[in-house]
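*Asks:* File name start39.cif; file contents mmCIF, C-alpha atoms; full text below.
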data_start
loop_
_atom_site.group_PDB
_atom_site.id
_atom_site.type_symbol
_atom_site.label_atom_id
_atom_site.label_comp_id
_atom_site.auth_asym_id
_atom_site.auth_seq_id
_atom_site.Cartn_x
_atom_site.Cartn_y
_atom_site.Cartn_z
ATOM 1 C CA MET A 29 70.190 8.262 130.228
ATOM 2 C CA MET A 30 67.826 8.065 127.268
ATOM 3 C CA PRO A 31 68.706 5.308 124.766
ATOM 4 C CA VAL A 32 70.198 6.515 121.488
ATOM 5 C CA PRO A 33 67.715 5.910 118.654
ATOM 6 C CA ASN A 34 68.790 3.694 115.794
ATOM 7 C CA ILE A 35 70.012 5.331 112.608
ATOM 8 C CA ARG A 36 67.277 5.239 109.970
ATOM 9 C CA LEU A 37 69.005 4.148 106.782
ATOM 10 C CA ALA A 38 68.062 4.173 103.105
ATOM 11 C CA ILE A 39 69.844 2.135 100.437
ATOM 12 C CA VAL A 40 70.148 3.694 96.998
ATOM 13 C CA GLY A 41 70.701 1.050 94.336
ATOM 14 C CA LEU A 42 69.371 -2.415 95.106
ATOM 15 C CA GLY A 43 71.627 -4.399 92.801
ATOM 16 C CA LYS A 44 73.942 -7.375 93.230
ATOM 17 C CA ILE A 45 76.299 -5.883 95.828
ATOM 18 C CA ALA A 46 73.420 -4.538 97.935
ATOM 19 C CA ARG A 47 71.655 -7.892 97.976
ATOM 20 C CA ASP A 48 74.796 -9.989 98.376
ATOM 21 C CA GLN A 49 76.408 -7.935 101.131
ATOM 22 C CA HIS A 50 74.617 -4.843 102.409
ATOM 23 C CA LEU A 51 71.206 -6.201 103.369
ATOM 24 C CA GLY A 52 72.561 -8.986 105.555
ATOM 25 C CA ALA A 53 75.155 -6.743 107.163
ATOM 26 C CA ILE A 54 72.560 -4.093 108.044
ATOM 27 C CA ALA A 55 70.286 -6.703 109.591
ATOM 28 C CA ALA A 56 73.192 -7.974 111.715
ATOM 29 C CA THR A 57 74.323 -4.538 112.935
ATOM 30 C CA ASP A 58 73.073 -2.933 116.134
ATOM 31 C CA GLY A 59 72.143 0.729 115.994
ATOM 32 C CA ILE A 60 70.881 0.914 112.422
ATOM 33 C CA ASP A 61 67.585 0.077 110.708
ATOM 34 C CA LEU A 62 66.813 -0.129 106.999
ATOM 35 C CA VAL A 63 63.694 1.975 106.412
ATOM 36 C CA ALA A 64 63.765 2.792 102.691
ATOM 37 C CA VAL A 65 65.116 1.780 99.297
ATOM 38 C CA ALA A 66 65.560 3.846 96.157
ATOM 39 C CA SER A 67 65.989 1.732 93.034
ATOM 40 C CA ARG A 68 64.755 1.913 89.455
ATOM 41 C CA ASN A 69 64.098 -1.786 89.048
ATOM 42 C CA ALA A 70 63.863 -3.401 92.489
ATOM 43 C CA SER A 71 62.008 -3.214 95.770
ATOM 44 C CA LEU A 72 61.762 -4.899 99.178
ATOM 45 C CA GLU A 73 58.674 -6.033 101.021
ATOM 46 C CA ASN A 74 57.670 -3.986 104.071
ATOM 47 C CA ILE A 75 60.182 -1.251 103.175
ATOM 48 C CA HIS A 76 59.377 2.170 101.715
ATOM 49 C CA CYS A 77 60.441 2.048 98.059
ATOM 50 C CA PHE A 78 61.161 4.907 95.658
ATOM 51 C CA PRO A 79 62.315 5.046 92.039
ATOM 52 C CA ASP A 80 65.291 7.315 92.801
ATOM 53 C CA ILE A 81 66.975 9.325 95.520
ATOM 54 C CA ASP A 82 65.154 12.540 94.603
ATOM 55 C CA ALA A 83 61.786 10.902 95.267
ATOM 56 C CA LEU A 84 63.132 9.482 98.518
ATOM 57 C CA LEU A 85 64.405 12.840 99.771
ATOM 58 C CA ALA A 86 61.177 14.576 98.740
ATOM 59 C CA SER A 87 59.047 12.082 100.667
ATOM 60 C CA ASP A 88 57.843 12.253 104.269
ATOM 61 C CA VAL A 89 59.813 9.123 105.233
ATOM 62 C CA ASP A 90 62.275 9.982 107.989
ATOM 63 C CA VAL A 91 65.801 9.015 106.964
ATOM 64 C CA ASP A 92 69.024 9.868 108.801
ATOM 65 C CA ALA A 93 71.564 8.287 106.468
ATOM 66 C CA VAL A 94 71.968 6.984 102.933
ATOM 67 C CA SER A 95 74.105 4.085 101.706
ATOM 68 C CA LEU A 96 74.946 4.505 98.027
ATOM 69 C CA CYS A 97 75.317 1.148 96.260
ATOM 70 C CA THR A 98 74.995 2.487 92.733
ATOM 71 C CA PRO A 99 77.768 2.403 90.087
ATOM 72 C CA PRO A 100 80.337 5.202 90.501
ATOM 73 C CA GLN A 101 79.215 7.006 87.344
ATOM 74 C CA GLY A 102 76.509 9.440 88.387
ATOM 75 C CA ARG A 103 76.964 8.805 92.090
ATOM 76 C CA PHE A 104 78.258 12.307 92.765
ATOM 77 C CA GLU A 105 74.856 13.909 92.192
ATOM 78 C CA GLN A 106 73.187 11.323 94.427
ATOM 79 C CA ALA A 107 75.684 11.866 97.229
ATOM 80 C CA ARG A 108 75.503 15.634 96.850
ATOM 81 C CA ALA A 109 71.704 15.568 97.091
ATOM 82 C CA ALA A 110 71.825 13.477 100.259
ATOM 83 C CA LEU A 111 74.470 15.669 101.888
ATOM 84 C CA MET A 112 72.584 18.848 100.986
ATOM 85 C CA ALA A 113 69.520 17.321 102.654
ATOM 86 C CA GLY A 114 71.538 16.833 105.839
ATOM 87 C CA LYS A 115 71.902 13.058 105.532
ATOM 88 C CA HIS A 116 74.960 11.067 106.508
ATOM 89 C CA VAL A 117 76.366 9.199 103.509
ATOM 90 C CA MET A 118 78.103 5.851 103.092
ATOM 91 C CA LEU A 119 79.791 5.221 99.726
ATOM 92 C CA GLU A 120 80.320 1.761 98.284
ATOM 93 C CA LYS A 121 83.742 1.363 96.707
ATOM 94 C CA PRO A 122 85.030 2.948 94.589
ATOM 95 C CA PRO A 123 83.818 6.177 96.209
ATOM 96 C CA GLY A 124 83.406 7.982 92.891
ATOM 97 C CA ALA A 125 84.294 8.114 89.223
ATOM 98 C CA THR A 126 86.880 10.912 89.603
ATOM 99 C CA ILE A 127 89.265 12.249 92.217
ATOM 100 C CA ALA A 128 87.905 15.789 92.125
ATOM 101 C CA GLU A 129 84.332 14.752 92.859
ATOM 102 C CA VAL A 130 85.151 12.730 95.982
ATOM 103 C CA PHE A 131 87.158 15.583 97.450
ATOM 104 C CA ALA A 132 84.233 17.886 96.676
ATOM 105 C CA LEU A 133 81.921 15.544 98.598
ATOM 106 C CA GLU A 134 84.339 15.489 101.513
ATOM 107 C CA ALA A 135 84.296 19.292 101.671
ATOM 108 C CA LEU A 136 80.495 19.399 101.404
ATOM 109 C CA ALA A 137 80.037 16.879 104.213
ATOM 110 C CA ARG A 138 82.285 18.982 106.420
ATOM 111 C CA LYS A 139 80.281 22.120 105.578
ATOM 112 C CA GLN A 140 76.970 20.360 106.262
ATOM 113 C CA GLY A 141 78.183 18.876 109.543
ATOM 114 C CA VAL A 142 77.342 15.296 108.560
ATOM 115 C CA SER A 143 79.373 12.090 108.268
ATOM 116 C CA LEU A 144 80.825 10.811 105.002
ATOM 117 C CA PHE A 145 82.243 7.284 104.890
ATOM 118 C CA ALA A 146 84.270 6.153 101.864
ATOM 119 C CA THR A 147 84.269 2.400 102.412
ATOM 120 C CA TRP A 148 86.946 -0.125 101.505
ATOM 121 C CA HIS A 149 85.467 -3.472 102.468
ATOM 122 C CA SER A 150 88.686 -5.429 101.900
ATOM 123 C CA ARG A 151 90.393 -3.451 104.643
ATOM 124 C CA GLU A 152 87.978 -5.131 107.047
ATOM 125 C CA ALA A 153 89.225 -8.619 106.132
ATOM 126 C CA ALA A 154 90.512 -10.511 109.160
ATOM 127 C CA ALA A 155 94.223 -10.544 108.290
ATOM 128 C CA VAL A 156 94.644 -6.892 107.348
ATOM 129 C CA GLU A 157 95.158 -5.263 110.750
ATOM 130 C CA PRO A 158 97.360 -8.088 112.109
ATOM 131 C CA ALA A 159 99.512 -7.794 108.964
ATOM 132 C CA ARG A 160 99.721 -4.030 109.392
ATOM 133 C CA ARG A 161 100.973 -4.370 112.964
ATOM 134 C CA LEU A 162 103.453 -7.058 111.964
ATOM 135 C CA LEU A 163 104.906 -5.125 109.023
ATOM 136 C CA ALA A 164 105.426 -2.044 111.186
ATOM 137 C CA GLU A 165 108.139 -4.045 112.982
ATOM 138 C CA ARG A 166 109.760 -5.723 109.952
ATOM 139 C CA ARG A 167 112.206 -4.608 107.263
ATOM 140 C CA ILE A 168 110.299 -4.860 103.990
ATOM 141 C CA GLN A 169 112.186 -5.845 100.845
ATOM 142 C CA SER A 170 109.439 -6.143 98.218
ATOM 143 C CA VAL A 171 105.693 -6.595 97.691
ATOM 144 C CA GLU A 172 103.917 -8.655 95.035
ATOM 145 C CA VAL A 173 100.172 -8.559 94.445
ATOM 146 C CA GLU A 174 98.182 -11.052 92.362
ATOM 147 C CA TRP A 175 94.471 -10.228 92.031
ATOM 148 C CA LYS A 176 93.057 -12.418 89.283
ATOM 149 C CA GLU A 177 89.454 -13.500 88.869
ATOM 150 C CA ASP A 178 86.775 -14.404 86.351
ATOM 151 C CA VAL A 179 84.713 -11.341 85.459
ATOM 152 C CA ARG A 180 81.954 -13.492 83.970
ATOM 153 C CA HIS A 181 81.412 -15.158 87.349
ATOM 154 C CA TRP A 182 81.614 -12.118 89.617
ATOM 155 C CA HIS A 183 80.104 -9.400 87.412
ATOM 156 C CA PRO A 184 77.684 -11.010 84.960
ATOM 157 C CA GLY A 185 75.860 -8.534 82.759
ATOM 158 C CA GLN A 186 77.192 -5.442 84.540
ATOM 159 C CA ALA A 187 77.854 -3.279 81.505
ATOM 160 C CA TRP A 188 78.630 -0.148 83.554
ATOM 161 C CA ILE A 189 81.928 -1.691 84.686
ATOM 162 C CA TRP A 190 83.237 -1.538 81.107
ATOM 163 C CA GLU A 191 82.202 2.078 80.535
ATOM 164 C CA PRO A 192 84.293 5.199 81.294
ATOM 165 C CA GLY A 193 84.364 5.637 85.059
ATOM 166 C CA GLY A 194 83.518 1.983 85.686
ATOM 167 C CA LEU A 195 87.220 1.125 86.265
ATOM 168 C CA GLY A 196 87.207 -2.277 84.535
ATOM 169 C CA VAL A 197 89.633 -4.654 86.230
ATOM 170 C CA PHE A 198 90.359 -1.960 88.806
ATOM 171 C CA ASP A 199 86.913 -2.561 90.276
ATOM 172 C CA PRO A 200 88.365 -5.622 92.060
ATOM 173 C CA GLY A 201 91.963 -4.395 91.797
ATOM 174 C CA ILE A 202 91.179 -1.375 93.947
ATOM 175 C CA ASN A 203 90.404 -3.841 96.749
ATOM 176 C CA ALA A 204 94.021 -4.984 96.655
ATOM 177 C CA LEU A 205 95.215 -1.383 96.608
ATOM 178 C CA SER A 206 93.014 -0.598 99.603
ATOM 179 C CA ILE A 207 94.766 -3.362 101.559
ATOM 180 C CA VAL A 208 98.293 -2.424 100.482
ATOM 181 C CA THR A 209 97.776 1.252 101.310
ATOM 182 C CA ARG A 210 96.603 0.147 104.762
ATOM 183 C CA ILE A 211 99.318 -2.375 105.664
ATOM 184 C CA MET A 212 102.395 -0.600 104.295
ATOM 185 C CA PRO A 213 104.272 1.505 106.862
ATOM 186 C CA GLU A 214 105.159 4.155 104.271
ATOM 187 C CA SER A 215 103.524 5.728 101.255
ATOM 188 C CA PHE A 216 104.191 4.616 97.693
ATOM 189 C CA HIS A 217 103.722 5.978 94.191
ATOM 190 C CA LEU A 218 103.271 4.565 90.706
ATOM 191 C CA VAL A 219 106.282 4.282 88.397
ATOM 192 C CA SER A 220 104.844 2.269 85.485
ATOM 193 C CA SER A 221 101.488 1.019 84.241
ATOM 194 C CA GLU A 222 100.536 -1.306 81.407
ATOM 195 C CA LEU A 223 96.821 -1.667 80.705
ATOM 196 C CA SER A 224 95.135 -4.204 78.434
ATOM 197 C CA PHE A 225 91.801 -3.172 76.885
ATOM 198 C CA PRO A 226 89.378 -5.404 74.999
ATOM 199 C CA ALA A 227 88.871 -4.004 71.522
ATOM 200 C CA ASN A 228 85.198 -3.295 72.228
ATOM 201 C CA ARG A 229 85.428 -1.914 75.785
ATOM 202 C CA ALA A 230 86.369 1.441 77.326
ATOM 203 C CA ALA A 231 87.890 -0.013 80.518
ATOM 204 C CA PRO A 232 90.817 -2.426 80.983
ATOM 205 C CA ILE A 233 90.528 -6.166 81.464
ATOM 206 C CA ALA A 234 94.057 -6.490 82.884
ATOM 207 C CA ALA A 235 96.729 -4.267 84.418
ATOM 208 C CA ASP A 236 100.380 -4.665 85.372
ATOM 209 C CA LEU A 237 101.597 -1.978 87.744
ATOM 210 C CA GLU A 238 104.876 -1.113 89.408
ATOM 211 C CA PHE A 239 105.095 1.145 92.455
ATOM 212 C CA GLN A 240 107.881 2.335 94.701
ATOM 213 C CA THR A 241 107.806 3.465 98.309
ATOM 214 C CA ALA A 242 109.391 6.692 99.453
ATOM 215 C CA SER A 243 112.491 4.734 100.515
ATOM 216 C CA GLY A 244 112.683 2.735 97.269
ATOM 217 C CA THR A 245 110.951 -0.553 98.124
ATOM 218 C CA PRO A 246 109.433 -2.091 94.941
ATOM 219 C CA ILE A 247 105.750 -3.078 94.757
ATOM 220 C CA LYS A 248 104.366 -5.019 91.793
ATOM 221 C CA ALA A 249 100.686 -5.663 91.138
ATOM 222 C CA ALA A 250 99.068 -7.862 88.492
ATOM 223 C CA PHE A 251 95.303 -7.576 88.015
ATOM 224 C CA ASP A 252 93.473 -9.784 85.525
ATOM 225 C CA TRP A 253 89.804 -10.484 84.840
ATOM 226 C CA ARG A 254 90.377 -13.484 82.582
ATOM 227 C CA GLN A 255 91.280 -16.121 85.162
ATOM 228 C CA THR A 256 89.084 -19.204 85.197
ATOM 229 C CA GLY A 257 89.249 -22.027 87.720
ATOM 230 C CA PRO A 258 90.679 -21.144 91.159
ATOM 231 C CA GLN A 259 90.603 -17.418 91.818
ATOM 232 C CA THR A 260 93.636 -15.553 93.159
ATOM 233 C CA TRP A 261 93.580 -12.701 95.684
ATOM 234 C CA ASP A 262 97.070 -12.738 97.212
ATOM 235 C CA ILE A 263 99.504 -10.176 98.605
ATOM 236 C CA ARG A 264 103.048 -11.362 99.378
ATOM 237 C CA VAL A 265 105.342 -9.111 101.405
ATOM 238 C CA SER A 266 108.966 -10.236 101.523
ATOM 239 C CA THR A 267 110.852 -9.014 104.584
ATOM 240 C CA GLN A 268 114.291 -9.663 106.015
ATOM 241 C CA GLU A 269 112.532 -11.594 108.768
ATOM 242 C CA GLY A 270 110.567 -13.817 106.357
ATOM 243 C CA ASP A 271 107.447 -13.661 104.187
ATOM 244 C CA VAL A 272 104.099 -12.213 105.242
ATOM 245 C CA VAL A 273 101.320 -13.413 102.917
ATOM 246 C CA LEU A 274 97.665 -12.393 102.831
ATOM 247 C CA THR A 275 95.464 -14.745 100.812
ATOM 248 C CA HIS A 276 91.761 -15.155 100.015
ATOM 249 C CA GLY A 277 91.326 -11.395 99.712
ATOM 250 C CA GLY A 278 92.958 -10.643 103.058
ATOM 251 C CA SER A 279 91.001 -13.093 105.195
ATOM 252 C CA ARG A 280 93.956 -15.425 105.738
ATOM 253 C CA LEU A 281 97.454 -14.663 106.987
ATOM 254 C CA ILE A 282 100.559 -16.822 106.539
ATOM 255 C CA VAL A 283 103.730 -15.767 108.352
ATOM 256 C CA ASN A 284 107.028 -17.479 107.531
ATOM 257 C CA GLY A 285 105.091 -20.365 106.002
ATOM 258 C CA GLU A 286 102.739 -20.896 108.959
ATOM 259 C CA ALA A 287 99.013 -20.111 108.851
ATOM 260 C CA GLN A 288 98.074 -17.553 111.498
ATOM 261 C CA ILE A 289 94.525 -16.449 110.695
ATOM 262 C CA VAL A 290 91.666 -18.155 108.869
ATOM 263 C CA GLU A 291 88.316 -16.444 109.407
ATOM 264 C CA GLU A 292 84.890 -16.072 107.849
ATOM 265 C CA ASP A 293 83.795 -13.012 105.901
ATOM 266 C CA ARG A 294 82.648 -10.195 108.204
ATOM 267 C CA GLU A 295 83.764 -7.264 106.099
ATOM 268 C CA TYR A 296 80.435 -5.521 105.545
ATOM 269 C CA ARG A 297 79.269 -6.040 109.111
ATOM 270 C CA SER A 298 82.439 -4.248 110.218
ATOM 271 C CA LEU A 299 81.757 -1.439 107.754
ATOM 272 C CA TYR A 300 78.268 -0.818 109.092
ATOM 273 C CA LYS A 301 79.435 -0.996 112.701
ATOM 274 C CA HIS A 302 82.036 1.651 111.864
ATOM 275 C CA PHE A 303 79.420 3.761 110.084
ATOM 276 C CA VAL A 304 77.235 3.704 113.205
ATOM 277 C CA ASP A 305 80.242 4.842 115.245
ATOM 278 C CA LEU A 306 81.057 7.626 112.766
ATOM 279 C CA VAL A 307 77.512 8.979 112.773
ATOM 280 C CA SER A 308 77.252 8.742 116.565
ATOM 281 C CA SER A 309 80.459 10.705 117.031
ATOM 282 C CA LYS A 310 79.840 13.084 114.096
ATOM 283 C CA ARG A 311 83.027 12.063 112.268
ATOM 284 C CA SER A 312 83.929 11.169 108.687
ATOM 285 C CA ASP A 313 86.295 8.558 107.249
ATOM 286 C CA THR A 314 87.498 9.520 103.787
ATOM 287 C CA ASP A 315 90.742 7.935 102.685
ATOM 288 C CA PHE A 316 90.782 8.211 98.898
ATOM 289 C CA SER A 317 94.346 6.931 98.364
ATOM 290 C CA PRO A 318 93.337 3.682 96.560
ATOM 291 C CA LEU A 319 91.367 5.711 94.008
ATOM 292 C CA VAL A 320 94.326 8.074 93.578
ATOM 293 C CA HIS A 321 96.534 5.109 92.631
ATOM 294 C CA VAL A 322 93.955 3.930 90.075
ATOM 295 C CA ALA A 323 93.774 7.412 88.558
ATOM 296 C CA ASP A 324 97.578 7.446 88.298
ATOM 297 C CA ALA A 325 97.485 4.057 86.562
ATOM 298 C CA PHE A 326 95.195 5.473 83.880
ATOM 299 C CA MET A 327 97.294 8.636 83.579
ATOM 300 C CA LEU A 328 100.613 6.805 83.120
ATOM 301 C CA GLY A 329 99.225 3.689 81.493
ATOM 302 C CA ARG A 330 100.626 2.287 78.288
ATOM 303 C CA ARG A 331 97.596 0.829 76.530
ATOM 304 C CA ASN A 332 97.431 -2.454 74.680
ATOM 305 C CA VAL A 333 94.419 -3.731 72.753
ATOM 306 C CA VAL A 334 93.609 -7.402 73.247
ATOM 307 C CA GLU A 335 90.735 -9.586 72.085
ATOM 308 C CA SER A 336 87.153 -8.362 72.133
ATOM 309 C CA PHE A 337 85.088 -9.336 75.165
ATOM 310 C CA GLU A 338 81.548 -10.668 75.316
ATOM 311 C CA ASP A 339 79.889 -11.295 78.679
#
Can you give me the file's structure in the form of structure tokens?
*Replies:*
Amino acid sequence: MMPVPNIRLAIVGLGKIARDQHLGAIAATDGIDLVAVASRNASLENIHCFPDIDALLASDVDVDAVSLCTPPQGRFEQARAALMAGKHVMLEKPPGATIAEVFALEALARKQGVSLFATWHSREAAAVEPARRLLAERRIQSVEVEWKEDVRHWHPGQAWIWEPGGLGVFDPGINALSIVTRIMPESFHLVSSELSFPANRAAPIAADLEFQTASGTPIKAAFDWRQTGPQTWDIRVSTQEGDVVLTHGGSRLIVNGEAQIVEEDREYRSLYKHFVDLVSSKRSDTDFSPLVHVADAFMLGRRNVVESFED
């Protein structure tokens, strides 16, 4: 049997997330090779570099797939161009700026016969799948989410996050929602939303949300970008059999007060391994439910204006 050639990948957008996470994960993943980069302001040695995706697709560099690491605003046209060119596409979270556009991309990928992967890196944290299996066998009473961090530390100078479509505090908050939508045995919907906006920004700096499952189980989520000192990424699920707690963004699991899982970060390596599998089997993975919950939060949100924000 002839060996399967590696997927020839291009990254579009060589910013902080690409350098911090994607490059190392690609290098550590079998079956995929980085062959090109499209970025307005950055380049890599010994890699074909282009100013934008149009120049990349018009070139004679052979590319099988594209990983889009650009901000969600404007990403639709980039993804559409890649899909129309017959390329498989991997989307950094959030998958898009609107609900309608991501469903349009899903339909286009199906029509073109290529793979589309809407990634949620926090779902690949070590404790997520064990928690999901555990909660399937327990009687859940309530869920509380605390996702609080310092925006100045994690997103310095990233003005796009504060613009329409940039999601504001939901940029990290959607990570929590991606975990909760994965581990809960039943669906849930938003019942109230309170959003706090800096006076000089178009996206929220904090959000307090209340959800309810189909059977009436309450879920509360508090997202805040103003937390200094220790950062908080916790999900506490109270059950009749005791508490199930995911901490450190889902990498650690505590069951009934006892630590079960403590592991290193392998989220993006898992994403790229899954992408290789999707492309090899000609499948897509497009769960947009976390983005749907964010859109609902904006739709139902009661808006408060807080202090101005300067990065």
*Asks:* So that each row is one residue of stretch 99-146 of chain A with an atom at most 12 Å from stretch 281-305 of chain A, can you give its shortest atom pair and the distance in Å to one decimal, using only C-alpha atoms, rows by chain and rising number, as a tab-separated table?
*Replies:*
residue	atom	partner	partner_atom	distance
A:His116	CA	A:Phe303	CA	9.3
A:Val117	CA	A:Phe303	CA	9.1
A:Met118	CA	A:Phe303	CA	7.4
A:Leu119	CA	A:Phe303	CA	10.5
A:Glu120	CA	A:Leu299	CA	10.1
A:Lys121	CA	A:Leu299	CA	11.6
A:Val142	CA	A:Phe303	CA	11.8
A:Ser143	CA	A:Phe303	CA	8.5
A:Leu144	CA	A:Phe303	CA	8.8
A:Phe145	CA	A:Phe303	CA	6.9
A:Ala146	CA	A:Phe303	CA	9.8
*Asks:* Around (67.3, 11.1, 97.4) in the file's own coordinates, what residues are found within 8 Å if you use all atoms listed in the file, given back as an NGL selection string?
*Replies:* :A and (40 or 66 or 80-86 or 106 or 109-110)
*Asks:* Step by step, work through what the PyMOL selection byres ((chain A and resi 197-213) around 8) selects in the shown file, and finish by giving those residues as a PyMOL selection string.
*Replies:* chain A and resi 122+148-151+156-157+159-161+163-164+173+175+189+194-196+214-215+231-235+251-253+261+263+277-278+317-319+321-322
*Asks:* At what distance in Å, to one decimal, does atom CA of A:Pro123 lie from atom CA of A:Pro246?
*Replies:*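 Separating atom CA of A:Pro246 from atom CA of A:Pro123 is a distance of 26.9 Å.
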*Asks:* Would you translate the PyMOL selection byres ((chain A and resi 140) around 12) into the concrete set of residues it matches in this file, as a list in words?
*Replies:* Arg108, Ala109, Ala110, Leu111, Met112, Ala113, Gly114, Lys115, His116, Val117, Leu133, Glu134, Ala135, Leu136, Ala137, Arg138, Lys139, Gly141, Val142, Ser143, Leu144, Lys310, Arg311 and Ser312 of chain A
*Asks:* With distances taken over only C-alpha atoms, which of A:Phe337, A:Trp190, A:Phe131, A:Phe225 is nearest to A:Val320?
*Replies:*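 Of A:Phe337, A:Trp190, A:Phe131, A:Phe225, the one nearest A:Val320 is A:Phe131, counting only C-alpha atoms.
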*Asks:* Go through A:Asp339, A:Asp315, A:Asp48, A:Glu269 one by one, measure the shortest atom-to-atom distance of each to A:Asn228 using all atoms listed in the file, and give the residue with the smallest value.
*Replies:*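 Counting all atoms listed in the file, the residue closest to A:Asn228 is A:Asp339.
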*Asks:* Quick one: stretch 259-275 of chain A with N, CA, C and O atoms, as a compact mmCIF listing (two decimals), keeping the file's coordinate frame?
*Replies:*
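For reference, out_13.txt as written:
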# COMPACT_ATOMS: atom_id res chain seq x y z
N GLN A 259 90.41 -18.87 91.86
CA GLN A 259 90.60 -17.42 91.82
C GLN A 259 91.74 -17.02 92.75
O GLN A 259 92.00 -17.68 93.76
N THR A 260 92.44 -15.94 92.42
CA THR A 260 93.64 -15.55 93.16
C THR A 260 93.49 -14.14 93.70
O THR A 260 93.31 -13.20 92.92
N TRP A 261 93.58 -14.01 95.04
CA TRP A 261 93.58 -12.70 95.68
C TRP A 261 94.66 -12.71 96.75
O TRP A 261 94.39 -12.87 97.94
N ASP A 262 95.91 -12.56 96.31
CA ASP A 262 97.07 -12.74 97.21
C ASP A 262 97.95 -11.50 97.24
O ASP A 262 98.15 -10.83 96.21
N ILE A 263 98.51 -11.24 98.42
CA ILE A 263 99.50 -10.18 98.60
C ILE A 263 100.68 -10.79 99.37
O ILE A 263 100.51 -11.26 100.50
N ARG A 264 101.85 -10.79 98.76
CA ARG A 264 103.05 -11.36 99.38
C ARG A 264 104.04 -10.25 99.70
O ARG A 264 104.48 -9.54 98.79
N VAL A 265 104.38 -10.11 100.96
CA VAL A 265 105.34 -9.11 101.40
C VAL A 265 106.60 -9.84 101.87
O VAL A 265 106.57 -10.60 102.85
N SER A 266 107.69 -9.63 101.14
CA SER A 266 108.97 -10.24 101.52
C SER A 266 109.70 -9.29 102.46
O SER A 266 109.89 -8.11 102.14
N THR A 267 110.11 -9.81 103.61
CA THR A 267 110.85 -9.01 104.58
C THR A 267 112.14 -9.74 104.95
O THR A 267 112.29 -10.95 104.71
N GLN A 268 113.05 -9.04 105.57
CA GLN A 268 114.29 -9.66 106.02
C GLN A 268 114.04 -10.72 107.08
O GLN A 268 114.86 -11.62 107.29
N GLU A 269 112.88 -10.64 107.73
CA GLU A 269 112.53 -11.59 108.77
C GLU A 269 111.66 -12.74 108.25
O GLU A 269 111.20 -13.58 109.03
N GLY A 270 111.40 -12.78 106.95
CA GLY A 270 110.57 -13.82 106.36
C GLY A 270 109.36 -13.24 105.64
O GLY A 270 109.12 -12.02 105.68
N ASP A 271 108.59 -14.11 104.99
CA ASP A 271 107.45 -13.66 104.19
C ASP A 271 106.18 -13.49 105.03
O ASP A 271 105.90 -14.29 105.92
N VAL A 272 105.43 -12.45 104.68
CA VAL A 272 104.10 -12.21 105.24
C VAL A 272 103.13 -12.25 104.06
O VAL A 272 103.24 -11.44 103.14
N VAL A 273 102.19 -13.20 104.07
CA VAL A 273 101.32 -13.41 102.92
C VAL A 273 99.87 -13.31 103.35
O VAL A 273 99.45 -13.97 104.30
N LEU A 274 99.11 -12.47 102.65
CA LEU A 274 97.66 -12.39 102.83
C LEU A 274 97.02 -13.07 101.63
O LEU A 274 97.33 -12.73 100.49
N THR A 275 96.14 -14.04 101.88
CA THR A 275 95.46 -14.74 100.81
C THR A 275 93.96 -14.64 100.98
O THR A 275 93.46 -14.08 101.97
